[in-house]
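K.L.:
Input structure: upload.cif, which contains mmCIF, N, CA and C atoms.
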data_coords
loop_
_atom_site.label_atom_id
_atom_site.label_comp_id
_atom_site.auth_asym_id
_atom_site.auth_seq_id
_atom_site.Cartn_x
_atom_site.Cartn_y
_atom_site.Cartn_z
N MET A 241 141.21 15.10 -93.05
CA MET A 241 140.41 15.66 -94.14
C MET A 241 140.34 17.17 -93.99
N ARG A 242 140.58 17.85 -95.07
CA ARG A 242 140.48 19.31 -95.06
C ARG A 242 139.09 19.72 -95.51
N TYR A 243 138.55 20.70 -94.81
CA TYR A 243 137.24 21.22 -95.14
C TYR A 243 137.41 22.61 -95.74
N PRO A 244 136.68 22.93 -96.80
CA PRO A 244 136.70 24.30 -97.30
C PRO A 244 136.03 25.22 -96.28
N ALA A 245 136.33 26.50 -96.36
CA ALA A 245 135.79 27.48 -95.41
C ALA A 245 134.26 27.46 -95.38
N SER A 246 133.64 27.25 -96.53
CA SER A 246 132.18 27.24 -96.57
C SER A 246 131.60 26.09 -95.73
N GLU A 247 132.25 24.93 -95.76
CA GLU A 247 131.79 23.79 -94.96
C GLU A 247 132.05 24.03 -93.47
N LYS A 248 133.19 24.62 -93.15
CA LYS A 248 133.49 24.94 -91.75
C LYS A 248 132.41 25.86 -91.20
N LEU A 249 132.04 26.88 -91.97
CA LEU A 249 131.02 27.82 -91.53
C LEU A 249 129.67 27.13 -91.37
N GLU A 250 129.33 26.24 -92.28
CA GLU A 250 128.08 25.50 -92.18
C GLU A 250 128.06 24.61 -90.94
N ILE A 251 129.18 23.97 -90.64
CA ILE A 251 129.27 23.14 -89.44
C ILE A 251 129.10 24.00 -88.18
N ILE A 252 129.74 25.15 -88.16
CA ILE A 252 129.59 26.07 -87.02
C ILE A 252 128.13 26.44 -86.84
N ARG A 253 127.46 26.79 -87.92
CA ARG A 253 126.05 27.19 -87.83
C ARG A 253 125.16 26.02 -87.40
N LEU A 254 125.45 24.81 -87.89
CA LEU A 254 124.68 23.64 -87.47
C LEU A 254 124.82 23.40 -85.97
N VAL A 255 126.02 23.50 -85.46
CA VAL A 255 126.25 23.28 -84.03
C VAL A 255 125.56 24.36 -83.21
N GLU A 256 125.64 25.60 -83.67
CA GLU A 256 124.99 26.71 -82.94
C GLU A 256 123.47 26.53 -82.88
N ARG A 257 122.86 26.04 -83.97
CA ARG A 257 121.40 25.91 -84.04
C ARG A 257 120.87 24.61 -83.48
N SER A 258 121.75 23.64 -83.26
CA SER A 258 121.31 22.32 -82.84
C SER A 258 120.72 22.34 -81.43
N HIS A 259 119.66 21.56 -81.22
CA HIS A 259 119.08 21.41 -79.90
C HIS A 259 119.85 20.39 -79.07
N LEU A 260 120.76 19.66 -79.73
CA LEU A 260 121.59 18.66 -79.06
C LEU A 260 122.85 19.33 -78.50
N PRO A 261 123.51 18.69 -77.54
CA PRO A 261 124.80 19.20 -77.07
C PRO A 261 125.82 19.22 -78.21
N ALA A 262 126.76 20.13 -78.14
CA ALA A 262 127.76 20.27 -79.21
C ALA A 262 128.50 18.95 -79.44
N LYS A 263 128.87 18.24 -78.37
CA LYS A 263 129.60 16.98 -78.52
C LYS A 263 128.80 15.98 -79.35
N LYS A 264 127.54 15.86 -79.07
CA LYS A 264 126.68 14.90 -79.79
C LYS A 264 126.56 15.31 -81.27
N THR A 265 126.35 16.59 -81.50
CA THR A 265 126.23 17.09 -82.89
C THR A 265 127.51 16.83 -83.66
N LEU A 266 128.65 17.13 -83.04
CA LEU A 266 129.94 16.94 -83.70
C LEU A 266 130.22 15.47 -83.95
N ASP A 267 129.83 14.62 -83.01
CA ASP A 267 129.99 13.17 -83.22
C ASP A 267 129.18 12.71 -84.42
N MET A 268 127.97 13.21 -84.55
CA MET A 268 127.11 12.85 -85.68
C MET A 268 127.70 13.34 -87.01
N LEU A 269 128.37 14.49 -86.97
CA LEU A 269 128.96 15.06 -88.18
C LEU A 269 130.35 14.47 -88.48
N GLY A 270 130.94 13.81 -87.50
CA GLY A 270 132.27 13.23 -87.70
C GLY A 270 133.38 14.25 -87.61
N VAL A 271 133.17 15.30 -86.83
CA VAL A 271 134.18 16.35 -86.67
C VAL A 271 134.70 16.29 -85.24
N ALA A 272 136.01 16.28 -85.09
CA ALA A 272 136.62 16.23 -83.76
C ALA A 272 136.36 17.54 -83.02
N ARG A 273 136.09 17.42 -81.72
CA ARG A 273 135.80 18.61 -80.92
C ARG A 273 136.94 19.63 -80.93
N PRO A 274 138.21 19.21 -80.75
CA PRO A 274 139.29 20.22 -80.78
C PRO A 274 139.35 20.97 -82.11
N THR A 275 139.11 20.24 -83.19
CA THR A 275 139.11 20.87 -84.52
C THR A 275 137.99 21.89 -84.61
N PHE A 276 136.79 21.49 -84.21
CA PHE A 276 135.65 22.41 -84.25
C PHE A 276 135.92 23.65 -83.42
N TYR A 277 136.38 23.48 -82.19
CA TYR A 277 136.57 24.64 -81.32
C TYR A 277 137.71 25.54 -81.80
N ARG A 278 138.70 24.98 -82.52
CA ARG A 278 139.73 25.82 -83.14
C ARG A 278 139.09 26.70 -84.22
N TRP A 279 138.23 26.06 -85.07
CA TRP A 279 137.52 26.83 -86.10
C TRP A 279 136.63 27.88 -85.46
N TYR A 280 135.90 27.48 -84.43
CA TYR A 280 134.92 28.37 -83.79
C TYR A 280 135.62 29.57 -83.16
N ASP A 281 136.77 29.33 -82.54
CA ASP A 281 137.54 30.43 -81.95
C ASP A 281 138.01 31.40 -83.02
N LEU A 282 138.54 30.87 -84.11
CA LEU A 282 138.98 31.74 -85.21
C LEU A 282 137.81 32.54 -85.77
N TYR A 283 136.68 31.89 -85.96
CA TYR A 283 135.48 32.54 -86.49
C TYR A 283 135.01 33.67 -85.58
N GLN A 284 134.98 33.41 -84.28
CA GLN A 284 134.52 34.43 -83.33
C GLN A 284 135.49 35.60 -83.25
N ARG A 285 136.77 35.32 -83.33
CA ARG A 285 137.77 36.39 -83.19
C ARG A 285 137.98 37.19 -84.46
N PHE A 286 137.95 36.51 -85.63
CA PHE A 286 138.35 37.19 -86.86
C PHE A 286 137.34 37.12 -87.99
N GLY A 287 136.22 36.42 -87.80
CA GLY A 287 135.20 36.36 -88.84
C GLY A 287 135.42 35.23 -89.83
N GLU A 288 134.58 35.22 -90.85
CA GLU A 288 134.58 34.13 -91.84
C GLU A 288 135.91 33.96 -92.56
N ALA A 289 136.60 35.06 -92.83
CA ALA A 289 137.87 34.98 -93.57
C ALA A 289 138.90 34.13 -92.85
N ALA A 290 138.82 34.03 -91.54
CA ALA A 290 139.79 33.24 -90.76
C ALA A 290 139.61 31.74 -90.98
N LEU A 291 138.49 31.32 -91.56
CA LEU A 291 138.25 29.90 -91.79
C LEU A 291 138.93 29.39 -93.05
N GLU A 292 139.46 30.28 -93.88
CA GLU A 292 140.17 29.87 -95.09
C GLU A 292 141.46 29.16 -94.69
N ASP A 293 141.85 28.13 -95.46
CA ASP A 293 143.10 27.43 -95.19
C ASP A 293 144.27 28.38 -95.37
N GLN A 294 145.24 28.25 -94.48
CA GLN A 294 146.46 29.04 -94.58
C GLN A 294 147.48 28.25 -95.39
N LYS A 295 148.34 28.97 -96.10
CA LYS A 295 149.38 28.30 -96.88
C LYS A 295 150.36 27.63 -95.91
N PRO A 296 150.74 26.39 -96.21
CA PRO A 296 151.71 25.73 -95.35
C PRO A 296 153.08 26.39 -95.47
N GLY A 297 153.80 26.41 -94.42
CA GLY A 297 155.14 26.98 -94.42
C GLY A 297 155.86 26.56 -93.16
N PRO A 298 157.13 26.95 -93.04
CA PRO A 298 157.87 26.55 -91.85
C PRO A 298 157.26 27.17 -90.60
N ARG A 299 157.21 26.40 -89.55
CA ARG A 299 156.69 26.89 -88.29
C ARG A 299 157.87 27.39 -87.46
N ALA A 300 157.60 28.16 -86.46
CA ALA A 300 158.64 28.77 -85.65
C ALA A 300 159.57 27.74 -85.01
N HIS A 301 159.07 26.57 -84.68
CA HIS A 301 159.89 25.58 -84.00
C HIS A 301 160.63 24.64 -84.94
N GLU A 302 160.38 24.73 -86.23
CA GLU A 302 161.01 23.82 -87.17
C GLU A 302 162.39 24.32 -87.58
N THR A 303 163.26 23.40 -87.89
CA THR A 303 164.60 23.72 -88.36
C THR A 303 164.80 23.04 -89.70
N VAL A 304 165.41 23.76 -90.63
CA VAL A 304 165.65 23.23 -91.97
C VAL A 304 167.15 23.19 -92.21
N CYS A 305 167.64 22.08 -92.71
CA CYS A 305 169.06 21.95 -93.03
C CYS A 305 169.25 22.08 -94.54
N LEU A 306 170.23 22.86 -94.95
CA LEU A 306 170.53 23.04 -96.36
C LEU A 306 172.01 22.81 -96.58
N LYS A 307 172.38 22.11 -97.65
CA LYS A 307 173.80 21.97 -98.01
C LYS A 307 174.23 23.26 -98.67
N ALA A 308 175.42 23.74 -98.31
CA ALA A 308 175.94 24.98 -98.88
C ALA A 308 176.18 24.80 -100.37
N SER A 309 176.79 23.73 -100.76
CA SER A 309 176.97 23.39 -102.18
C SER A 309 177.36 21.93 -102.26
N SER A 310 177.30 21.37 -103.45
CA SER A 310 177.63 19.96 -103.60
C SER A 310 179.12 19.71 -103.38
N SER A 311 179.97 20.72 -103.59
CA SER A 311 181.41 20.53 -103.44
C SER A 311 181.89 20.78 -102.01
N ARG A 312 181.03 21.32 -101.17
CA ARG A 312 181.43 21.63 -99.80
C ARG A 312 180.67 20.71 -98.84
N SER A 313 181.31 20.36 -97.76
CA SER A 313 180.68 19.44 -96.81
C SER A 313 179.98 20.17 -95.67
N SER A 314 180.13 21.47 -95.60
CA SER A 314 179.49 22.19 -94.50
C SER A 314 177.98 22.28 -94.74
N ILE A 315 177.25 22.37 -93.67
CA ILE A 315 175.79 22.46 -93.73
C ILE A 315 175.37 23.74 -93.03
N TRP A 316 174.44 24.42 -93.64
CA TRP A 316 173.86 25.61 -93.02
C TRP A 316 172.55 25.19 -92.37
N ARG A 317 172.40 25.49 -91.11
CA ARG A 317 171.19 25.16 -90.39
C ARG A 317 170.42 26.46 -90.18
N TRP A 318 169.19 26.48 -90.68
CA TRP A 318 168.36 27.67 -90.58
C TRP A 318 167.25 27.44 -89.58
N SER A 319 167.04 28.41 -88.75
CA SER A 319 165.86 28.41 -87.88
C SER A 319 165.38 29.85 -87.83
N THR A 320 164.27 30.09 -87.20
CA THR A 320 163.76 31.45 -87.13
C THR A 320 164.67 32.34 -86.29
N ALA A 321 165.50 31.75 -85.45
CA ALA A 321 166.37 32.53 -84.60
C ALA A 321 167.68 32.92 -85.31
N SER A 322 168.23 32.02 -86.13
CA SER A 322 169.55 32.32 -86.70
C SER A 322 169.86 31.44 -87.89
N LEU A 323 170.95 31.79 -88.54
CA LEU A 323 171.51 30.98 -89.62
C LEU A 323 172.91 30.61 -89.16
N VAL A 324 173.16 29.31 -88.91
CA VAL A 324 174.41 28.87 -88.32
C VAL A 324 175.09 27.89 -89.26
N ARG A 325 176.39 28.07 -89.44
CA ARG A 325 177.17 27.13 -90.27
C ARG A 325 177.69 26.03 -89.38
N GLU A 326 177.45 24.78 -89.81
CA GLU A 326 177.95 23.63 -89.10
C GLU A 326 178.90 22.88 -89.98
N SER A 327 179.99 22.42 -89.44
CA SER A 327 180.97 21.67 -90.24
C SER A 327 180.85 20.21 -90.02
#
Output the structure of this file as structure tokens.
P.N.:
Amino acid sequence: MRYPASEKLEIIRLVERSHLPAKKTLDMLGVARPTFYRWYDLYQRFGEAALEDQKPGPRAHETVCLKASSSRSSIWRWSTASLVRES
């Protein structure tokens, strides 16, 4: 489930103000601890704007294969390191 930035900020504030341990509060809210601490780290380092969803795109470790054309059998393999022609 994706949370809008406003809800992420509200969850951060609830956990900060809670008299319960963070784990217990997060369990009650149904938010995974790693997810919360990722949000919290971004918030502390970069402020509220960092809680906005980022546009999805290729990650550094992903590789995308593209056909050069329908009439050619070669494939171009793209990665962040290079563009390589494979036959």
K.L.:
In Å to one decimal, how far is atom CA of A:Leu249 from atom CA of A:Arg285?
P.N.:
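We find that atom CA of A:Arg285 and atom CA of A:Leu249 lie 13.7 Å from each other.
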K.L.:
For the structure provided, state which residues fall under the PyMOL selection byres (((chain A and resi 247 and name CA) around 12) and name CA), and present them as a ChimeraX atom specification.
P.N.:
/A:241-246,248-254,269,271,276,279,288,291-293
K.L.:
State, in Å with one decimal place, the distance from atom CA of A:Ser258 to atom C of A:Ala289.
P.N.:
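Between these atoms lies a distance of 23.4 Å.
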K.L.:
Could you tell me how far atom N of A:Ala290 lies from atom N of A:Tyr277, in Å and to one decimal?
P.N.:
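According to the coordinates, atom N of A:Ala290 and atom N of A:Tyr277 are separated by 14.3 Å.
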K.L.:
Would you place a box with edges along x, y and z of the file around all atoms of stretch 290-293 of chain A listed there, add 4 Å to each of its six sides, and report the centre and edge lengths in Å to one decimal, as JSON?
P.N.:
{"center_x": 141.3, "center_y": 30.7, "center_z": -93.1, "size_x": 14.0, "size_y": 14.6, "size_z": 12.7}
